[in-house]
file final-v9.txt (compact mmCIF, C-alpha atoms)
# COMPACT_ATOMS: atom_id res chain seq x y z
CA MET Z 1 -8.22 -12.55 -43.83
CA GLU Z 2 -4.47 -12.24 -44.27
CA ALA Z 3 -4.24 -9.47 -41.64
CA ARG Z 4 -6.08 -11.69 -39.15
CA GLN Z 5 -3.66 -14.56 -39.69
CA HIS Z 6 -0.76 -12.16 -39.24
CA GLU Z 7 -2.23 -10.94 -35.94
CA GLU Z 8 -2.72 -14.50 -34.69
CA ARG Z 9 0.92 -15.31 -35.46
CA ARG Z 10 2.14 -12.25 -33.52
CA ARG Z 11 0.09 -12.85 -30.39
CA PRO Z 12 1.90 -15.92 -29.05
CA ARG Z 13 5.29 -14.33 -29.53
CA PHE Z 14 4.30 -11.26 -27.48
CA ALA Z 15 2.77 -13.48 -24.82
CA ALA Z 16 6.01 -15.45 -24.62
CA LEU Z 17 7.89 -12.18 -24.02
CA GLY Z 18 5.63 -11.41 -21.08
CA VAL Z 19 3.93 -8.48 -22.80
CA ARG Z 20 0.32 -8.10 -21.74
CA ARG Z 21 -2.38 -5.72 -22.72
CA ARG Z 22 -2.54 -2.75 -20.45
CA GLN Z 23 -5.38 -2.89 -17.95
CA PRO Z 24 -7.42 0.27 -17.44
CA ALA Z 25 -6.46 2.19 -14.33
CA THR Z 26 -8.97 2.29 -11.49
CA THR Z 27 -10.43 5.75 -10.97
CA ARG Z 28 -12.91 5.03 -8.17
CA ASP Z 29 -12.36 4.50 -4.49
CA ALA Z 30 -13.80 1.13 -3.46
CA THR Z 31 -15.06 2.32 -0.07
CA THR Z 32 -16.83 5.55 -1.00
CA GLY Z 33 -17.51 5.20 -4.71
CA LEU Z 34 -16.02 8.66 -5.24
CA MET Z 35 -13.01 9.33 -7.46
CA ASN Z 36 -9.68 8.31 -6.01
CA GLY Z 37 -6.99 10.92 -5.37
CA ALA Z 38 -5.27 10.60 -8.76
CA ALA Z 39 -8.51 10.82 -10.75
CA PHE Z 40 -9.73 13.70 -8.57
CA GLU Z 41 -6.60 15.72 -9.29
CA VAL Z 42 -6.91 15.26 -13.07
CA VAL Z 43 -10.63 16.00 -13.28
CA ALA Z 44 -10.43 18.87 -10.79
CA THR Z 45 -7.57 20.46 -12.75
CA HIS Z 46 -9.71 20.45 -15.90
CA ALA Z 47 -12.76 21.81 -14.07
CA LEU Z 48 -10.68 24.52 -12.39
CA GLY Z 49 -9.16 25.52 -15.73
CA ARG Z 50 -12.60 25.69 -17.35
CA ALA Z 51 -13.89 27.92 -14.55
CA ALA Z 52 -10.80 30.13 -14.80
CA ARG Z 53 -11.31 30.56 -18.56
CA LEU Z 54 -14.86 31.68 -17.85
CA GLY Z 55 -13.63 34.09 -15.17
CA ALA Z 56 -15.59 32.26 -12.47
CA PRO Z 57 -14.34 31.63 -8.93
CA SER Z 58 -13.92 28.12 -7.58
CA VAL Z 59 -13.76 26.69 -4.11
CA LEU Z 60 -12.16 23.50 -2.88
CA VAL Z 61 -13.70 22.10 0.29
CA CYS Z 62 -11.80 19.44 2.21
CA PHE Z 63 -13.53 17.23 4.78
CA ALA Z 64 -11.54 15.27 7.36
CA VAL Z 65 -13.62 12.46 8.81
CA PRO Z 66 -12.61 11.98 12.45
CA VAL Z 67 -12.45 8.38 13.55
CA PRO Z 68 -11.98 7.57 17.25
CA ALA Z 69 -8.96 5.36 18.00
CA GLU Z 70 -11.13 2.63 19.47
CA GLU Z 71 -13.31 2.37 16.35
CA SER Z 72 -12.69 -0.56 14.03
CA GLU Z 73 -11.71 -0.32 10.39
CA LEU Z 74 -15.25 -1.35 9.49
CA GLY Z 75 -16.58 1.59 11.51
CA MET Z 76 -14.20 3.96 9.74
CA HIS Z 77 -15.37 2.71 6.36
CA ARG Z 78 -18.98 3.13 7.45
CA ARG Z 79 -18.31 6.76 8.45
CA LEU Z 80 -16.53 7.46 5.16
CA ARG Z 81 -19.39 5.95 3.12
CA GLU Z 82 -21.98 7.99 5.03
CA THR Z 83 -19.99 11.21 4.62
CA ALA Z 84 -19.52 10.50 0.91
CA ARG Z 85 -23.25 9.84 0.48
CA ARG Z 86 -24.12 13.10 2.22
CA LEU Z 87 -21.51 14.95 0.17
CA VAL Z 88 -23.06 13.70 -3.07
CA GLU Z 89 -26.50 14.82 -1.85
CA ALA Z 90 -25.21 18.26 -0.83
CA THR Z 91 -23.42 19.07 -4.10
CA ARG Z 92 -24.33 19.68 -7.71
CA GLY Z 93 -23.70 17.38 -10.67
CA GLU Z 94 -20.86 19.53 -12.03
CA ASP Z 95 -18.95 19.50 -8.73
CA VAL Z 96 -15.90 17.23 -8.58
CA LEU Z 97 -15.85 14.86 -5.61
CA GLY Z 98 -13.09 12.53 -4.49
CA ARG Z 99 -11.36 10.70 -1.68
CA THR Z 100 -7.94 12.30 -1.44
CA GLY Z 101 -6.64 10.69 1.74
CA PRO Z 102 -7.31 7.83 4.15
CA ARG Z 103 -9.89 9.90 6.06
CA GLU Z 104 -10.24 12.84 3.68
CA LEU Z 105 -12.89 13.71 1.10
CA CYS Z 106 -12.75 16.76 -1.16
CA ALA Z 107 -15.16 18.67 -3.32
CA LEU Z 108 -14.16 21.17 -6.00
CA LEU Z 109 -17.05 23.56 -6.57
CA PRO Z 110 -16.43 25.40 -9.86
CA GLY Z 111 -18.29 28.67 -10.30
CA VAL Z 112 -19.00 28.95 -6.56
CA ASP Z 113 -17.72 31.57 -4.13
CA GLU Z 114 -16.78 31.03 -0.48
CA ASP Z 115 -20.20 32.06 0.85
CA ASP Z 116 -22.00 29.43 -1.22
CA ALA Z 117 -19.37 26.82 -0.30
CA GLY Z 118 -20.25 27.47 3.33
CA LEU Z 119 -23.74 26.13 2.61
CA VAL Z 120 -22.27 22.79 1.55
CA ALA Z 121 -20.17 22.70 4.71
CA GLU Z 122 -23.23 23.49 6.85
CA ARG Z 123 -25.16 20.59 5.32
CA LEU Z 124 -22.41 18.26 6.51
CA ALA Z 125 -22.06 19.82 9.96
CA ALA Z 126 -24.23 17.11 11.50
CA LEU Z 127 -21.60 14.54 10.54
CA GLU Z 128 -19.00 16.20 12.78
CA VAL Z 129 -16.36 16.47 10.07
CA ALA Z 130 -13.51 18.96 10.14
CA VAL Z 131 -13.85 21.33 7.19
CA GLY Z 132 -11.25 23.34 5.30
CA VAL Z 133 -12.13 25.75 2.50
CA ALA Z 134 -9.73 27.20 -0.06
CA ALA Z 135 -10.98 29.74 -2.58
CA GLY Z 136 -9.49 30.06 -6.03
CA SER Z 137 -9.72 33.14 -8.20
CA ALA Z 138 -10.14 33.12 -11.95
CA ALA Z 139 -6.33 33.16 -12.23
CA THR Z 140 -5.84 30.13 -9.96
CA CYS Z 141 -5.56 26.81 -11.77
CA ASP Z 142 -3.48 24.83 -9.30
CA VAL Z 143 -5.49 22.11 -7.59
CA ARG Z 144 -2.53 21.02 -5.45
CA ALA Z 145 -2.13 24.53 -4.02
CA LEU Z 146 -5.85 24.74 -3.21
CA LEU Z 147 -5.72 21.28 -1.65
CA ALA Z 148 -2.72 22.27 0.50
CA ASP Z 149 -4.54 25.42 1.68
CA ALA Z 150 -7.72 23.48 2.49
CA ARG Z 151 -5.73 20.81 4.36
CA ALA Z 152 -3.97 23.50 6.39
CA GLU Z 153 -7.34 24.95 7.36
CA VAL Z 154 -8.57 21.46 8.35
CA SER Z 155 -5.49 21.06 10.56
CA ARG Z 156 -6.18 24.40 12.24
CA SER Z 157 -9.81 23.52 12.89
CA LEU Z 158 -8.80 20.11 14.34
CA LYS Z 159 -6.32 21.79 16.68
CA LEU Z 160 -8.97 24.25 17.82
CA ALA Z 161 -11.37 21.40 18.51
CA GLU Z 162 -8.93 19.63 20.85

call {"tool": "encode", "arguments": {"input": "final-v9.txt", "output": "structure tokens"}}
result
Amino acid sequence: MEARQHEERRRPRFAALGVRRRQPATTRDATTGLMNGAAFEVVATHALGRAARLGAPSVLVCFAVPVPAEESELGMHRRLRETARRLVEATRGEDVLGRTGPRELCALLPGVDEDDAGLVAERLAALEVAVGVAAGSAATCDVRALLADARAEVSRSLKLAE
């Protein structure tokens, strides 16, 4: 009882100082329902480290969703949602999925080699997305490096498509 009274006396003083309880950070992208970029990086780093400890390869697949200039923002969101839905259907439960850019979705596939990652990319080929794949060995635990490699491959494939 005494502890409760003490807590009630402290609360107004902290409120007067402008101190508020910390709100939980958002980890989901509102448009796609996938993890946002920050959450993706944290979870993917853990998954990549776990795969590396097991000596398993991992692949990061990056999907750039092309949106024509004349398409509205609503149309872009519709394309992103559809791509995200298909990505969820094409991957396993242990794969890490996220929206890492305005028009970019990524999937970290732990324990998968490049050949198997190609199957995921093929399932999404009907959506006309640009795909970049970066393979990580058991010694690779750097999600940012894999993401940079996958993004570079996406850029190359977009330039070839022009």

call {"tool": "atom_distance", "arguments": {"input": "final-v9.txt", "atom1": "CA of Asp116 in chain Z", "atom2": "CA of Thr31 in chain Z"}}
result
28.0 Å

call {"tool": "atom_distance", "arguments": {"input": "final-v9.txt", "atom1": "CA of Gly101 in chain Z", "atom2": "CA of Ala51 in chain Z"}}
result
24.8 Å

call {"tool": "residues_around", "arguments": {"input": "final-v9.txt", "residues": "Arg28 in chain Z", "least_positions_apart": "3", "cutoff": "9 Å", "atoms": "all atoms listed in the file", "output": "PyMOL selection string"}}
result
chain Z and resi 31-37+39+98-99

call {"tool": "closest_residue", "arguments": {"input": "final-v9.txt", "among": "Z:Val67, Z:Leu80, Z:Ala90, Z:Leu60", "to": "Glu41 in chain Z", "atoms": "only C-alpha atoms"}}
result
Z:Leu60

call {"tool": "residues_around", "arguments": {"input": "final-v9.txt", "residues": "range 132-134 of chain Z", "least_positions_apart": "5", "cutoff": "6 Å", "atoms": "only C-alpha atoms", "output": "compact mmCIF listing (two decimals) with C-alpha atoms, in the coordinates of the input"}}
result
# COMPACT_ATOMS: atom_id res chain seq x y z
CA VAL Z 59 -13.76 26.69 -4.11
CA LEU Z 60 -12.16 23.50 -2.88
CA VAL Z 61 -13.70 22.10 0.29
CA CYS Z 62 -11.80 19.44 2.21
CA LEU Z 146 -5.85 24.74 -3.21
CA ASP Z 149 -4.54 25.42 1.68
CA ALA Z 150 -7.72 23.48 2.49
CA GLU Z 153 -7.34 24.95 7.36
CA VAL Z 154 -8.57 21.46 8.35

call {"tool": "atom_distance", "arguments": {"input": "final-v9.txt", "atom1": "CA of Ala52 in chain Z", "atom2": "CA of Ala38 in chain Z"}}
result
21.2 Å

call {"tool": "residues_near_point", "arguments": {"input": "final-v9.txt", "point": "(-17.8, 19.0, 2.6)", "cutoff": "7 Å", "atoms": "only C-alpha atoms", "output": "compact mmCIF listing (two decimals) with C-alpha atoms, keeping the file's coordinate frame"}}
result
# COMPACT_ATOMS: atom_id res chain seq x y z
CA VAL Z 61 -13.70 22.10 0.29
CA CYS Z 62 -11.80 19.44 2.21
CA PHE Z 63 -13.53 17.23 4.78
CA LEU Z 87 -21.51 14.95 0.17
CA CYS Z 106 -12.75 16.76 -1.16
CA ALA Z 107 -15.16 18.67 -3.32
CA VAL Z 120 -22.27 22.79 1.55
CA ALA Z 121 -20.17 22.70 4.71
CA LEU Z 124 -22.41 18.26 6.51
CA VAL Z 131 -13.85 21.33 7.19

call {"tool": "closest_residue", "arguments": {"input": "final-v9.txt", "among": "Z:Gly118, Z:Pro68, Z:Pro57, Z:Gly136", "to": "Arg103 in chain Z", "atoms": "all atoms listed in the file"}}
result
Z:Pro68

call {"tool": "closest_residue", "arguments": {"input": "final-v9.txt", "among": "Z:Leu108, Z:Met76, Z:Ala84, Z:Ala130", "to": "Leu147 in chain Z", "atoms": "all atoms listed in the file"}}
result
Z:Leu108

call {"tool": "build_atoms", "arguments": {"input": "final-v9.txt", "residues": "range 68-81 of chain Z", "atoms": "N, CA and C atoms", "output": "short mmCIF file (atom, residue, chain, number, x, y, z; two decimals), in the coordinates of the input"}}
result
data_model
loop_
_atom_site.label_atom_id
_atom_site.label_comp_id
_atom_site.auth_asym_id
_atom_site.auth_seq_id
_atom_site.Cartn_x
_atom_site.Cartn_y
_atom_site.Cartn_z
N PRO Z 68 -12.57 7.85 15.93
CA PRO Z 68 -11.98 7.57 17.25
C PRO Z 68 -11.03 6.39 17.18
N ALA Z 69 -10.00 6.41 18.01
CA ALA Z 69 -8.96 5.36 18.00
C ALA Z 69 -9.55 3.98 18.29
N GLU Z 70 -10.57 3.93 19.10
CA GLU Z 70 -11.13 2.63 19.47
C GLU Z 70 -12.07 2.07 18.40
N GLU Z 71 -12.39 2.85 17.38
CA GLU Z 71 -13.31 2.37 16.35
C GLU Z 71 -12.58 1.44 15.38
N SER Z 72 -13.28 0.42 14.94
CA SER Z 72 -12.69 -0.56 14.03
C SER Z 72 -12.57 0.00 12.63
N GLU Z 73 -11.86 -0.73 11.79
CA GLU Z 73 -11.71 -0.32 10.39
C GLU Z 73 -13.07 -0.33 9.69
N LEU Z 74 -13.90 -1.28 10.06
CA LEU Z 74 -15.25 -1.35 9.49
C LEU Z 74 -16.05 -0.09 9.86
N GLY Z 75 -15.90 0.37 11.09
CA GLY Z 75 -16.58 1.59 11.51
C GLY Z 75 -16.08 2.80 10.76
N MET Z 76 -14.76 2.85 10.51
CA MET Z 76 -14.20 3.96 9.74
C MET Z 76 -14.75 3.96 8.32
N HIS Z 77 -14.83 2.79 7.71
CA HIS Z 77 -15.37 2.71 6.36
C HIS Z 77 -16.84 3.12 6.32
N ARG Z 78 -17.57 2.75 7.37
CA ARG Z 78 -18.98 3.13 7.45
C ARG Z 78 -19.13 4.65 7.52
N ARG Z 79 -18.28 5.29 8.34
CA ARG Z 79 -18.31 6.76 8.45
C ARG Z 79 -17.96 7.42 7.12
N LEU Z 80 -16.94 6.90 6.46
CA LEU Z 80 -16.53 7.46 5.16
C LEU Z 80 -17.64 7.32 4.13
N ARG Z 81 -18.29 6.15 4.07
CA ARG Z 81 -19.39 5.95 3.12
C ARG Z 81 -20.55 6.91 3.39
#
